[in-house]
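Student: File start_32.cif below, mmCIF, C-alpha atoms and all ligand atoms:
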data_final
#
loop_
_atom_site.group_PDB
_atom_site.id
_atom_site.type_symbol
_atom_site.label_atom_id
_atom_site.label_comp_id
_atom_site.auth_asym_id
_atom_site.auth_seq_id
_atom_site.Cartn_x
_atom_site.Cartn_y
_atom_site.Cartn_z
ATOM 1 C CA MET N 1 37.371 -91.684 50.842
ATOM 2 C CA PRO N 2 39.995 -89.683 48.881
ATOM 3 C CA VAL N 3 38.994 -88.202 45.547
ATOM 4 C CA GLY N 4 40.977 -87.751 42.323
ATOM 5 C CA ARG N 5 39.877 -86.381 38.984
ATOM 6 C CA TYR N 6 40.585 -85.710 35.322
ATOM 7 C CA ALA N 7 39.312 -82.529 33.684
ATOM 8 C CA PRO N 8 39.557 -82.402 29.876
ATOM 9 C CA SER N 9 38.633 -79.396 27.715
ATOM 10 C CA PRO N 10 36.354 -80.549 24.885
ATOM 11 C CA THR N 11 38.103 -78.675 22.084
ATOM 12 C CA GLY N 12 39.078 -81.706 19.999
ATOM 13 C CA ASP N 13 40.077 -85.332 20.337
ATOM 14 C CA LEU N 14 42.464 -86.188 23.170
ATOM 15 C CA HIS N 15 46.009 -86.910 22.007
ATOM 16 C CA VAL N 16 48.362 -89.420 23.584
ATOM 17 C CA GLY N 17 49.752 -86.745 25.920
ATOM 18 C CA ASN N 18 46.267 -86.069 27.300
ATOM 19 C CA LEU N 19 45.451 -89.785 27.414
ATOM 20 C CA ARG N 20 48.675 -90.515 29.267
ATOM 21 C CA THR N 21 47.971 -87.862 31.929
ATOM 22 C CA ALA N 22 44.431 -89.230 32.297
ATOM 23 C CA LEU N 23 45.819 -92.745 32.735
ATOM 24 C CA VAL N 24 48.246 -91.536 35.425
ATOM 25 C CA ALA N 25 45.463 -89.628 37.234
ATOM 26 C CA TRP N 26 43.275 -92.744 37.142
ATOM 27 C CA LEU N 27 46.130 -94.958 38.388
ATOM 28 C CA PHE N 28 46.862 -92.561 41.255
ATOM 29 C CA ALA N 29 43.207 -92.633 42.338
ATOM 30 C CA ARG N 30 42.210 -96.237 41.754
ATOM 31 C CA SER N 31 45.444 -97.756 43.103
ATOM 32 C CA THR N 32 44.535 -96.257 46.491
ATOM 33 C CA GLY N 33 40.828 -97.113 46.262
ATOM 34 C CA SER N 34 39.924 -93.443 45.718
ATOM 35 C CA ARG N 35 36.898 -92.122 43.931
ATOM 36 C CA PHE N 36 37.717 -90.775 40.468
ATOM 37 C CA LEU N 37 35.718 -87.887 39.000
ATOM 38 C CA MET N 38 35.448 -86.487 35.501
ATOM 39 C CA ARG N 39 34.917 -82.784 34.881
ATOM 40 C CA ILE N 40 34.341 -81.258 31.446
ATOM 41 C CA GLU N 41 36.055 -77.851 31.289
ATOM 42 C CA ASP N 42 33.737 -76.308 28.708
ATOM 43 C CA LEU N 43 33.742 -72.649 29.752
ATOM 44 C CA ASP N 44 35.154 -71.553 26.408
ATOM 45 C CA ALA N 45 31.848 -71.406 24.559
ATOM 46 C CA VAL N 46 33.553 -70.834 21.205
ATOM 47 C CA ALA N 47 36.006 -73.738 21.276
ATOM 48 C CA ALA N 48 34.192 -76.265 23.492
ATOM 49 C CA LYS N 49 31.832 -78.673 21.742
ATOM 50 C CA ALA N 50 29.511 -81.190 23.374
ATOM 51 C CA ALA N 51 30.379 -83.740 20.667
ATOM 52 C CA TYR N 52 34.054 -83.568 21.658
ATOM 53 C CA ALA N 53 33.163 -84.113 25.313
ATOM 54 C CA GLU N 54 31.375 -87.298 24.305
ATOM 55 C CA SER N 55 34.171 -88.565 22.080
ATOM 56 C CA GLN N 56 36.752 -87.779 24.775
ATOM 57 C CA LEU N 57 34.810 -89.769 27.373
ATOM 58 C CA ALA N 58 34.408 -92.614 24.873
ATOM 59 C CA ASP N 59 38.185 -92.632 24.284
ATOM 60 C CA LEU N 60 38.962 -92.665 28.017
ATOM 61 C CA SER N 61 36.504 -95.493 28.465
ATOM 62 C CA ALA N 62 38.063 -97.418 25.563
ATOM 63 C CA LEU N 63 41.418 -97.177 27.364
ATOM 64 C CA GLY N 64 39.795 -98.968 30.300
ATOM 65 C CA LEU N 65 39.408 -95.963 32.603
ATOM 66 C CA ASP N 66 36.229 -95.596 34.644
ATOM 67 C CA TRP N 67 34.878 -92.821 36.837
ATOM 68 C CA ASP N 68 32.252 -92.107 39.433
ATOM 69 C CA GLU N 69 29.111 -90.202 38.532
ATOM 70 C CA PRO N 70 28.112 -87.555 37.903
ATOM 71 C CA VAL N 71 30.299 -86.053 35.189
ATOM 72 C CA VAL N 72 30.411 -82.325 35.991
ATOM 73 C CA HIS N 73 30.202 -79.679 33.245
ATOM 74 C CA GLN N 74 31.652 -76.275 34.115
ATOM 75 C CA SER N 75 29.148 -74.588 31.787
ATOM 76 C CA GLY N 76 26.398 -75.586 34.238
ATOM 77 C CA ARG N 77 28.088 -73.899 37.201
ATOM 78 C CA LEU N 78 28.314 -70.232 36.174
ATOM 79 C CA ASP N 79 26.232 -69.046 39.159
ATOM 80 C CA ILE N 80 28.630 -70.736 41.552
ATOM 81 C CA TYR N 81 31.680 -69.055 40.016
ATOM 82 C CA ALA N 82 29.896 -65.676 39.976
ATOM 83 C CA GLU N 83 29.189 -66.037 43.683
ATOM 84 C CA ALA N 84 32.844 -66.828 44.401
ATOM 85 C CA VAL N 85 33.955 -63.767 42.414
ATOM 86 C CA GLU N 86 31.506 -61.651 44.385
ATOM 87 C CA THR N 87 32.885 -62.936 47.691
ATOM 88 C CA LEU N 88 36.402 -61.873 46.673
ATOM 89 C CA ARG N 89 35.233 -58.529 45.307
ATOM 90 C CA ASP N 90 33.210 -57.748 48.451
ATOM 91 C CA ALA N 91 36.295 -58.489 50.544
ATOM 92 C CA GLY N 92 38.238 -55.821 48.607
ATOM 93 C CA LEU N 93 40.561 -58.431 47.141
ATOM 94 C CA THR N 94 40.050 -57.574 43.463
ATOM 95 C CA TYR N 95 40.439 -54.700 41.013
ATOM 96 C CA PRO N 96 39.406 -54.083 37.414
ATOM 97 C CA CYS N 97 42.095 -54.356 34.728
ATOM 98 C CA TYR N 98 41.730 -52.712 31.333
ATOM 99 C CA CYS N 99 44.931 -54.013 29.726
ATOM 100 C CA SER N 100 44.940 -55.860 26.413
ATOM 101 C CA ARG N 101 46.922 -59.070 26.027
ATOM 102 C CA ARG N 102 49.465 -57.161 24.002
ATOM 103 C CA GLU N 103 49.878 -54.456 26.631
ATOM 104 C CA ILE N 104 50.539 -57.130 29.256
ATOM 105 C CA ARG N 105 53.008 -58.967 27.030
ATOM 106 C CA GLU N 106 54.924 -55.770 26.391
ATOM 107 C CA ALA N 107 54.562 -54.191 29.836
ATOM 108 C CA GLY N 108 57.788 -53.263 31.486
ATOM 109 C CA ALA N 109 59.811 -54.576 28.573
ATOM 110 C CA ALA N 110 62.502 -52.122 27.561
ATOM 111 C CA PRO N 111 63.423 -52.073 23.858
ATOM 112 C CA ASN N 112 65.272 -55.316 23.038
ATOM 113 C CA ALA N 113 64.411 -56.780 26.447
ATOM 114 C CA PRO N 114 62.620 -60.133 26.432
ATOM 115 C CA LEU N 115 58.848 -59.836 26.386
ATOM 116 C CA ASN N 116 56.814 -61.051 29.306
ATOM 117 C CA PRO N 117 56.281 -64.591 28.013
ATOM 118 C CA ASP N 118 54.002 -66.200 30.596
ATOM 119 C CA GLY N 119 51.620 -63.283 30.838
ATOM 120 C CA PHE N 120 52.779 -62.636 34.404
ATOM 121 C CA TYR N 121 50.799 -59.504 35.164
ATOM 122 C CA PRO N 122 52.977 -56.559 36.248
ATOM 123 C CA GLY N 123 50.197 -54.770 38.181
ATOM 124 C CA THR N 124 49.583 -51.951 35.688
ATOM 125 C CA CYS N 125 45.981 -51.298 36.792
ATOM 126 C CA ARG N 126 46.454 -52.008 40.504
ATOM 127 C CA GLY N 127 46.629 -48.361 41.537
ATOM 128 C CA LEU N 128 44.101 -46.809 39.155
ATOM 129 C CA THR N 129 41.922 -44.108 40.690
ATOM 130 C CA ALA N 130 38.166 -43.938 40.152
ATOM 131 C CA THR N 131 38.821 -41.181 37.611
ATOM 132 C CA ASP N 132 41.327 -43.353 35.710
ATOM 133 C CA ARG N 133 38.764 -46.126 35.538
ATOM 134 C CA ARG N 134 35.978 -43.845 34.319
ATOM 135 C CA GLU N 135 38.286 -42.579 31.593
ATOM 136 C CA ARG N 136 39.043 -46.093 30.364
ATOM 137 C CA GLU N 137 35.397 -47.057 30.427
ATOM 138 C CA ARG N 138 34.523 -43.944 28.476
ATOM 139 C CA ASP N 139 36.988 -45.199 25.865
ATOM 140 C CA GLY N 140 34.842 -48.315 25.602
ATOM 141 C CA ARG N 141 37.254 -50.625 27.451
ATOM 142 C CA THR N 142 35.641 -53.476 29.397
ATOM 143 C CA PRO N 143 37.653 -54.604 32.411
ATOM 144 C CA ALA N 144 38.650 -58.057 33.539
ATOM 145 C CA LEU N 145 38.778 -58.586 37.283
ATOM 146 C CA ARG N 146 42.115 -59.398 38.946
ATOM 147 C CA ILE N 147 42.982 -60.657 42.393
ATOM 148 C CA ARG N 148 45.246 -58.623 44.678
ATOM 149 C CA ALA N 149 47.950 -61.199 45.284
ATOM 150 C CA GLU N 150 50.224 -58.749 47.145
ATOM 151 C CA GLY N 151 53.254 -60.436 45.580
ATOM 152 C CA ARG N 152 52.909 -63.468 47.794
ATOM 153 C CA SER N 153 54.725 -66.745 47.229
ATOM 154 C CA PHE N 154 53.422 -70.255 47.823
ATOM 155 C CA SER N 155 55.265 -73.541 48.077
ATOM 156 C CA PHE N 156 54.090 -77.100 47.712
ATOM 157 C CA ASP N 157 55.643 -80.518 47.512
ATOM 158 C CA ASP N 158 54.682 -82.038 44.184
ATOM 159 C CA LEU N 159 54.256 -85.816 44.270
ATOM 160 C CA ILE N 160 56.190 -86.122 40.998
ATOM 161 C CA ALA N 161 58.137 -82.880 40.477
ATOM 162 C CA GLY N 162 59.205 -82.386 44.100
ATOM 163 C CA PRO N 163 59.301 -79.070 46.002
ATOM 164 C CA TYR N 164 58.135 -76.005 44.068
ATOM 165 C CA THR N 165 57.826 -72.341 45.065
ATOM 166 C CA GLY N 166 56.286 -69.600 42.954
ATOM 167 C CA THR N 167 55.287 -65.963 43.289
ATOM 168 C CA VAL N 168 51.663 -65.222 42.493
ATOM 169 C CA ASP N 169 50.817 -62.368 40.145
ATOM 170 C CA ASP N 170 47.532 -60.447 40.185
ATOM 171 C CA PHE N 171 45.885 -63.047 37.951
ATOM 172 C CA VAL N 172 42.468 -62.740 36.299
ATOM 173 C CA ILE N 173 39.537 -64.289 38.150
ATOM 174 C CA GLU N 174 36.820 -62.994 35.811
ATOM 175 C CA ARG N 175 37.424 -62.370 32.124
ATOM 176 C CA LYS N 176 36.279 -59.342 30.175
ATOM 177 C CA SER N 177 33.495 -61.545 28.815
ATOM 178 C CA GLY N 178 32.192 -62.088 32.348
ATOM 179 C CA GLU N 179 33.228 -65.754 32.341
ATOM 180 C CA PRO N 180 35.277 -67.026 35.268
ATOM 181 C CA SER N 181 38.946 -67.665 34.580
ATOM 182 C CA TYR N 182 40.371 -71.173 34.495
ATOM 183 C CA ASN N 183 42.342 -70.440 37.677
ATOM 184 C CA LEU N 184 39.216 -69.513 39.627
ATOM 185 C CA ALA N 185 36.967 -72.276 38.282
ATOM 186 C CA VAL N 186 39.482 -75.066 38.866
ATOM 187 C CA VAL N 187 39.771 -74.217 42.568
ATOM 188 C CA ILE N 188 36.023 -73.792 43.095
ATOM 189 C CA ASP N 189 35.284 -77.078 41.309
ATOM 190 C CA ASP N 190 37.968 -79.197 42.939
ATOM 191 C CA ASP N 191 36.990 -77.885 46.353
ATOM 192 C CA ALA N 192 33.255 -78.417 45.777
ATOM 193 C CA ALA N 193 33.896 -82.008 44.670
ATOM 194 C CA GLY N 194 36.159 -82.750 47.630
ATOM 195 C CA VAL N 195 39.126 -83.440 45.340
ATOM 196 C CA GLU N 196 42.154 -84.283 47.453
ATOM 197 C CA GLN N 197 44.571 -85.241 44.705
ATOM 198 C CA VAL N 198 45.114 -83.212 41.539
ATOM 199 C CA VAL N 199 47.049 -85.041 38.814
ATOM 200 C CA ARG N 200 47.565 -82.987 35.642
ATOM 201 C CA GLY N 201 50.117 -81.964 33.013
ATOM 202 C CA ASP N 202 53.183 -80.140 34.275
ATOM 203 C CA ASP N 203 52.421 -77.105 32.126
ATOM 204 C CA LEU N 204 50.236 -76.151 35.115
ATOM 205 C CA VAL N 205 52.973 -76.330 37.772
ATOM 206 C CA SER N 206 53.580 -72.588 37.585
ATOM 207 C CA SER N 207 49.837 -71.852 38.018
ATOM 208 C CA THR N 208 49.579 -73.919 41.175
ATOM 209 C CA PRO N 209 50.734 -71.121 43.548
ATOM 210 C CA ARG N 210 47.791 -69.083 42.193
ATOM 211 C CA HIS N 211 45.463 -71.910 43.170
ATOM 212 C CA LEU N 212 47.033 -72.125 46.624
ATOM 213 C CA LEU N 213 46.360 -68.408 47.148
ATOM 214 C CA LEU N 214 42.660 -68.957 46.353
ATOM 215 C CA TYR N 215 42.432 -71.938 48.707
ATOM 216 C CA GLU N 216 43.839 -69.697 51.430
ATOM 217 C CA LEU N 217 41.505 -66.786 50.664
ATOM 218 C CA PHE N 218 38.487 -69.113 50.741
ATOM 219 C CA GLU N 219 39.869 -70.747 53.911
ATOM 220 C CA ARG N 220 39.813 -74.197 52.322
ATOM 221 C CA THR N 221 42.343 -77.021 52.443
ATOM 222 C CA PRO N 222 44.231 -77.463 49.157
ATOM 223 C CA PRO N 223 44.647 -80.891 47.530
ATOM 224 C CA SER N 224 47.964 -82.633 46.962
ATOM 225 C CA TYR N 225 49.452 -82.141 43.498
ATOM 226 C CA ALA N 226 51.154 -84.458 41.032
ATOM 227 C CA HIS N 227 52.258 -82.785 37.782
ATOM 228 C CA VAL N 228 52.948 -85.280 35.017
ATOM 229 C CA PRO N 229 55.816 -84.418 32.620
ATOM 230 C CA LEU N 230 54.515 -83.534 29.175
ATOM 231 C CA VAL N 231 54.809 -85.498 25.966
ATOM 232 C CA LEU N 232 57.046 -83.860 23.368
ATOM 233 C CA ASN N 233 56.973 -84.269 19.602
ATOM 234 C CA ALA N 234 59.968 -85.227 17.495
ATOM 235 C CA ALA N 235 61.066 -81.570 17.361
ATOM 236 C CA GLY N 236 61.056 -81.347 21.170
ATOM 237 C CA ASP N 237 57.937 -79.170 21.354
ATOM 238 C CA ARG N 238 54.841 -79.913 23.343
ATOM 239 C CA LEU N 239 52.768 -82.546 21.517
ATOM 240 C CA ALA N 240 49.807 -81.230 19.523
ATOM 241 C CA LYS N 241 47.111 -82.873 17.458
ATOM 242 C CA ARG N 242 48.827 -81.855 14.227
ATOM 243 C CA ASP N 243 51.862 -83.992 15.129
ATOM 244 C CA GLY N 244 50.775 -87.074 13.169
ATOM 245 C CA ALA N 245 48.978 -90.151 14.464
ATOM 246 C CA VAL N 246 48.389 -89.054 18.069
ATOM 247 C CA THR N 247 44.686 -89.695 18.806
ATOM 248 C CA LEU N 248 42.906 -93.022 19.259
ATOM 249 C CA ALA N 249 41.145 -92.439 15.944
ATOM 250 C CA ASP N 250 44.514 -91.821 14.216
ATOM 251 C CA ARG N 251 45.971 -94.952 15.800
ATOM 252 C CA ALA N 252 42.946 -96.998 14.697
ATOM 253 C CA GLU N 253 43.774 -96.029 11.111
ATOM 254 C CA LEU N 254 47.172 -97.608 11.691
ATOM 255 C CA GLY N 255 45.408 -100.791 12.813
ATOM 256 C CA GLU N 256 46.106 -100.202 16.520
ATOM 257 C CA ASP N 257 43.310 -100.671 19.037
ATOM 258 C CA ALA N 258 42.892 -98.937 22.407
ATOM 259 C CA THR N 259 44.587 -101.819 24.240
ATOM 260 C CA GLN N 260 47.704 -101.378 22.121
ATOM 261 C CA VAL N 261 47.702 -97.617 22.702
ATOM 262 C CA ARG N 262 47.289 -98.172 26.446
ATOM 263 C CA SER N 263 50.246 -100.560 26.364
ATOM 264 C CA TRP N 264 52.303 -97.943 24.518
ATOM 265 C CA LEU N 265 51.437 -95.387 27.223
ATOM 266 C CA ALA N 266 52.176 -97.970 29.933
ATOM 267 C CA ARG N 267 55.629 -98.609 28.417
ATOM 268 C CA SER N 268 56.322 -94.866 28.441
ATOM 269 C CA LEU N 269 55.490 -94.898 32.165
ATOM 270 C CA GLY N 270 57.724 -97.871 32.909
ATOM 271 C CA LEU N 271 54.678 -100.068 33.602
ATOM 272 C CA ALA N 272 55.007 -102.535 30.721
ATOM 273 C CA GLY N 273 57.697 -104.404 28.830
ATOM 274 C CA PRO N 274 58.268 -103.932 25.080
ATOM 275 C CA THR N 275 55.904 -106.649 23.850
ATOM 276 C CA GLU N 276 53.414 -106.779 26.719
ATOM 277 C CA THR N 277 49.775 -105.663 26.652
ATOM 278 C CA PRO N 278 48.900 -105.632 30.373
ATOM 279 C CA ASP N 279 45.279 -105.113 31.418
ATOM 280 C CA VAL N 280 44.330 -102.271 33.737
ATOM 281 C CA ALA N 281 44.246 -104.524 36.815
ATOM 282 C CA THR N 282 47.898 -105.405 36.141
ATOM 283 C CA LEU N 283 48.782 -101.728 35.669
ATOM 284 C CA LEU N 284 47.129 -100.930 39.006
ATOM 285 C CA GLU N 285 49.215 -103.603 40.711
ATOM 286 C CA ARG N 286 52.420 -102.290 39.156
ATOM 287 C CA PHE N 287 51.732 -98.587 39.686
ATOM 288 C CA ASP N 288 54.054 -96.799 42.106
ATOM 289 C CA ALA N 289 53.953 -92.992 42.074
ATOM 290 C CA ALA N 290 57.553 -92.849 43.305
ATOM 291 C CA GLU N 291 58.721 -94.704 40.183
ATOM 292 C CA LEU N 292 57.066 -92.461 37.587
ATOM 293 C CA PRO N 293 59.407 -90.845 35.032
ATOM 294 C CA ARG N 294 60.490 -87.322 35.974
ATOM 295 C CA GLU N 295 61.377 -86.391 32.411
ATOM 296 C CA PRO N 296 59.148 -85.580 29.422
ATOM 297 C CA TRP N 297 58.272 -88.459 27.104
ATOM 298 C CA ARG N 298 59.921 -87.709 23.768
ATOM 299 C CA LEU N 299 58.280 -89.214 20.717
ATOM 300 C CA LEU N 300 60.283 -90.120 17.629
ATOM 301 C CA PRO N 301 59.112 -89.366 14.080
ATOM 302 C CA ALA N 302 58.343 -93.073 13.577
ATOM 303 C CA ASP N 303 56.130 -93.099 16.693
ATOM 304 C CA THR N 304 53.607 -90.717 15.206
ATOM 305 C CA ALA N 305 53.898 -91.418 11.478
ATOM 306 C CA ALA N 306 50.392 -91.443 10.067
ATOM 307 C CA ALA N 307 49.041 -94.184 7.820
ATOM 308 C CA SER N 308 50.174 -93.804 4.234
ATOM 309 C CA THR N 309 47.288 -92.824 1.982
ATOM 310 C CA GLY N 310 49.165 -93.663 -1.246
HETATM 311 ZN ZN ZN N 401 45.623 -53.883 33.630
#
Any chance you could put this one into structure tokens?

Tutor:
Amino acid sequence: MPVGRYAPSPTGDLHVGNLRTALVAWLFARSTGSRFLMRIEDLDAVAAKAAYAESQLADLSALGLDWDEPVVHQSGRLDIYAEAVETLRDAGLTYPCYCSRREIREAGAAPNAPLNPDGFYPGTCRGLTATDRRERERDGRTPALRIRAEGRSFSFDDLIAGPYTGTVDDFVIERKSGEPSYNLAVVIDDDAAGVEQVVRGDDLVSSTPRHLLLYELFERTPPSYAHVPLVLNAAGDRLAKRDGAVTLADRAELGEDATQVRSWLARSLGLAGPTETPDVATLLERFDAAELPREPWRLLPADTAAASTG
């Protein structure tokens, strides 16, 4: 049976952009009778909080989403990621990188040239000799571990965004802290769980070629991908929690329950009329991946106005 999933990071309450992507992922899976898994991406020990994981799951449940057990926590899988890193390192596919974030951002940028905005790594440490490395370690620099991507490109046919091709940089697989990177963990976890359909926000489209490289190196079959256009605030920027009444708790203060929020999300997806509050069974019947909006959902100031406290 096919498998889909949603994988929130427990760093705060989910906002309507997160909830909408979760709803789409659930609709993709359940409309085809697939299993649907939940994975808590709690590798960031500073920002991730168990209480947020619980409130996020409670919010998803309140929207009417359900999932198959068990809920996986990345923090319980560190040995598995370490083993995967070791496999790549033993195969000669990695190298240590001593660059700071700032060095990477500014690398290769001539004066007045645009900085390197996406953190695309220019390969600064790829050719370091053993002596170079010893020197940097003597200076107290701890390396991250990067993959040798050899400048390869990967293409895939996104179920929402259409064909996409991207060149893979030598991305980090193990951070300076020793924790696995997001890009490594997501591939290991989806593969281990048998995930065949990845539905997530389209801010991750450009990372997908990196994931395809890892699937190839591990000789595994990649899933299909559906990247959901983001939700934008009134200023046209990516929605954030500070943008007004955007969480279920915020909406409750406005007197809106989870059913009303779900209906709002359903309208934004073309699955409900202006005054309807369809249940999830109805949404499943109406769902057609080919009909999903291809454009971001733009919120108006009135959409997210918080309750007046005066
Ligand atoms: Zn470097």

Student: Hey, which residues sit close to ligand ZN 401 (chain N)? Say within 8 Å, counting only C-alpha atoms and all ligand atoms, and write them as a PyMOL selection string.

Tutor: chain N and resi 96-100+104+121+123-126

Student: Go ahead and save the picked residues with C-alpha atoms, as a PDB file, in the coordinates of the input.

Tutor:
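The resulting selection-v9.pdb:
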ATOM      1  CA  PRO N  96      39.406 -54.083  37.414  1.00  0.00           C
ATOM      2  CA  CYS N  97      42.095 -54.356  34.728  1.00  0.00           C
ATOM      3  CA  TYR N  98      41.730 -52.712  31.333  1.00  0.00           C
ATOM      4  CA  CYS N  99      44.931 -54.013  29.726  1.00  0.00           C
ATOM      5  CA  SER N 100      44.940 -55.860  26.413  1.00  0.00           C
ATOM      6  CA  ILE N 104      50.539 -57.130  29.256  1.00  0.00           C
ATOM      7  CA  TYR N 121      50.799 -59.504  35.164  1.00  0.00           C
ATOM      8  CA  GLY N 123      50.197 -54.770  38.181  1.00  0.00           C
ATOM      9  CA  THR N 124      49.583 -51.951  35.688  1.00  0.00           C
ATOM     10  CA  CYS N 125      45.981 -51.298  36.792  1.00  0.00           C
ATOM     11  CA  ARG N 126      46.454 -52.008  40.504  1.00  0.00           C
TER      12      ARG N 126
END

Student: Could you give me, as a list in words, the residues that sit within 12 Å of (58.8, -90.5, 46.2) in the file's coordinates, counting all atoms listed in the file?

Tutor: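 So the residues meeting the distance criterion are Asp157, Asp158, Leu159, Ile160, Ala161, Gly162, Pro163, Ala226, Asp288, Ala289, Ala290, Glu291, Leu292, Pro293 and Arg294 of chain N.
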
Student: For region 239-244 of chain N, find every residue with an atom within 6 Å (counting only C-alpha atoms), except residues of its own chain fewer than 2 positions away, and show them as a PyMOL selection string.

Tutor: chain N and resi 231-233+246+304-306

Student: With all atoms listed in the file as the basis for distance, which of N:Gly166, N:Pro274, N:Pro222, N:Pro2 is at the shortest distance from Phe36 (chain N)?

Tutor: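 Comparing N:Gly166, N:Pro274, N:Pro222, N:Pro2 against Phe36 (chain N), the winner is N:Pro2.
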
Student: N:Ser181, N:Ser153, N:Thr221, N:Ser207: which is nearest Ala84 (chain N), counting only C-alpha atoms?

Tutor: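 Of all the options, N:Ser181 lies closest to Ala84 (chain N).
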
Student: Between N:Ile80, N:Val228, N:Val280, N:Leu214, which residue has the minimum interatomic distance to Ala258 (chain N), considering all atoms listed in the file?

Tutor: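 Closest to Ala258 (chain N) of all the choices is N:Val280.
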
Student: In file coordinates, which residues lie within 12 Å of (54.5, -87.5, 23.4) using only C-alpha atoms, given as a PyMOL selection string?

Tutor: chain N and resi 15-21+201+228-241+243-247+264-265+268-269+295-304

Student: For CA of Arg251 (chain N) and CA of Ala307 (chain N), determine how far apart the two atoms are, in Å to one decimal place.

Tutor: 8.6 Å

Student: Restricting the calculation to all atoms listed in the file, which member of N:Ala130, N:Leu271, N:Leu14, N:Leu88 is positioned closest to Phe218 (chain N)?

Tutor: N:Leu88

Student: Carefully work through the PyMOL selection byres (((chain N and resi 94) around 6) and not hetatm) for this structure and note down the residues it includes, as a PyMOL selection string.

Tutor: chain N and resi 89+92-93+95+146-148

Student: Using the chain letters and numbers from the file, which residues does the PyMOL selection byres (((chain N and resi 276) around 12) and not hetatm) grab, as a PyMOL selection string?

Tutor: chain N and resi 259-267+270-275+277-279+282-283

Student: Expressed in Å to a single decimal, how great is the separation between CA of Asp44 (chain N) and CA of Leu217 (chain N)?

Tutor: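 That distance, rounded to one decimal, is 25.5 Å.
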
Student: Can you tell me how far CA of Leu284 (chain N) sits from CA of Leu27 (chain N), in Å to one decimal?

Tutor: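 Taking CA of Leu284 (chain N) and CA of Leu27 (chain N), their separation equals 6.1 Å.
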
Student: For this file, the PyMOL selection byres (((chain N and resi 63-69) around 6) and not hetatm) selects which residues, as a PDB file with C-alpha atoms, in the frame of the given file?

Tutor:
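Saved as selection_19.pdb:
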ATOM      1  CA  PHE N  36      37.717 -90.775  40.468  1.00  0.00           C
ATOM      2  CA  LEU N  37      35.718 -87.887  39.000  1.00  0.00           C
ATOM      3  CA  LEU N  60      38.962 -92.665  28.017  1.00  0.00           C
ATOM      4  CA  SER N  61      36.504 -95.493  28.465  1.00  0.00           C
ATOM      5  CA  ALA N  62      38.063 -97.418  25.563  1.00  0.00           C
ATOM      6  CA  PRO N  70      28.112 -87.555  37.903  1.00  0.00           C
ATOM      7  CA  VAL N  71      30.299 -86.053  35.189  1.00  0.00           C
ATOM      8  CA  ALA N 258      42.892 -98.937  22.407  1.00  0.00           C
TER       9      ALA N 258
END

Student: Looking at all atoms listed in the file, which of N:Leu212, N:Ala7, N:Ala25, N:Leu248 is the one that sits closest to Val199 (chain N)?

Tutor: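 So, comparing all the options, the nearest one is N:Ala25.
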
Student: So, counting all atoms listed in the file, which residue among N:Tyr81, N:Tyr6, N:Tyr164, N:Phe154 is closest to Glu179 (chain N)?

Tutor: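 Once distances to Glu179 (chain N) are computed over all atoms listed in the file, the minimum belongs to N:Tyr81.
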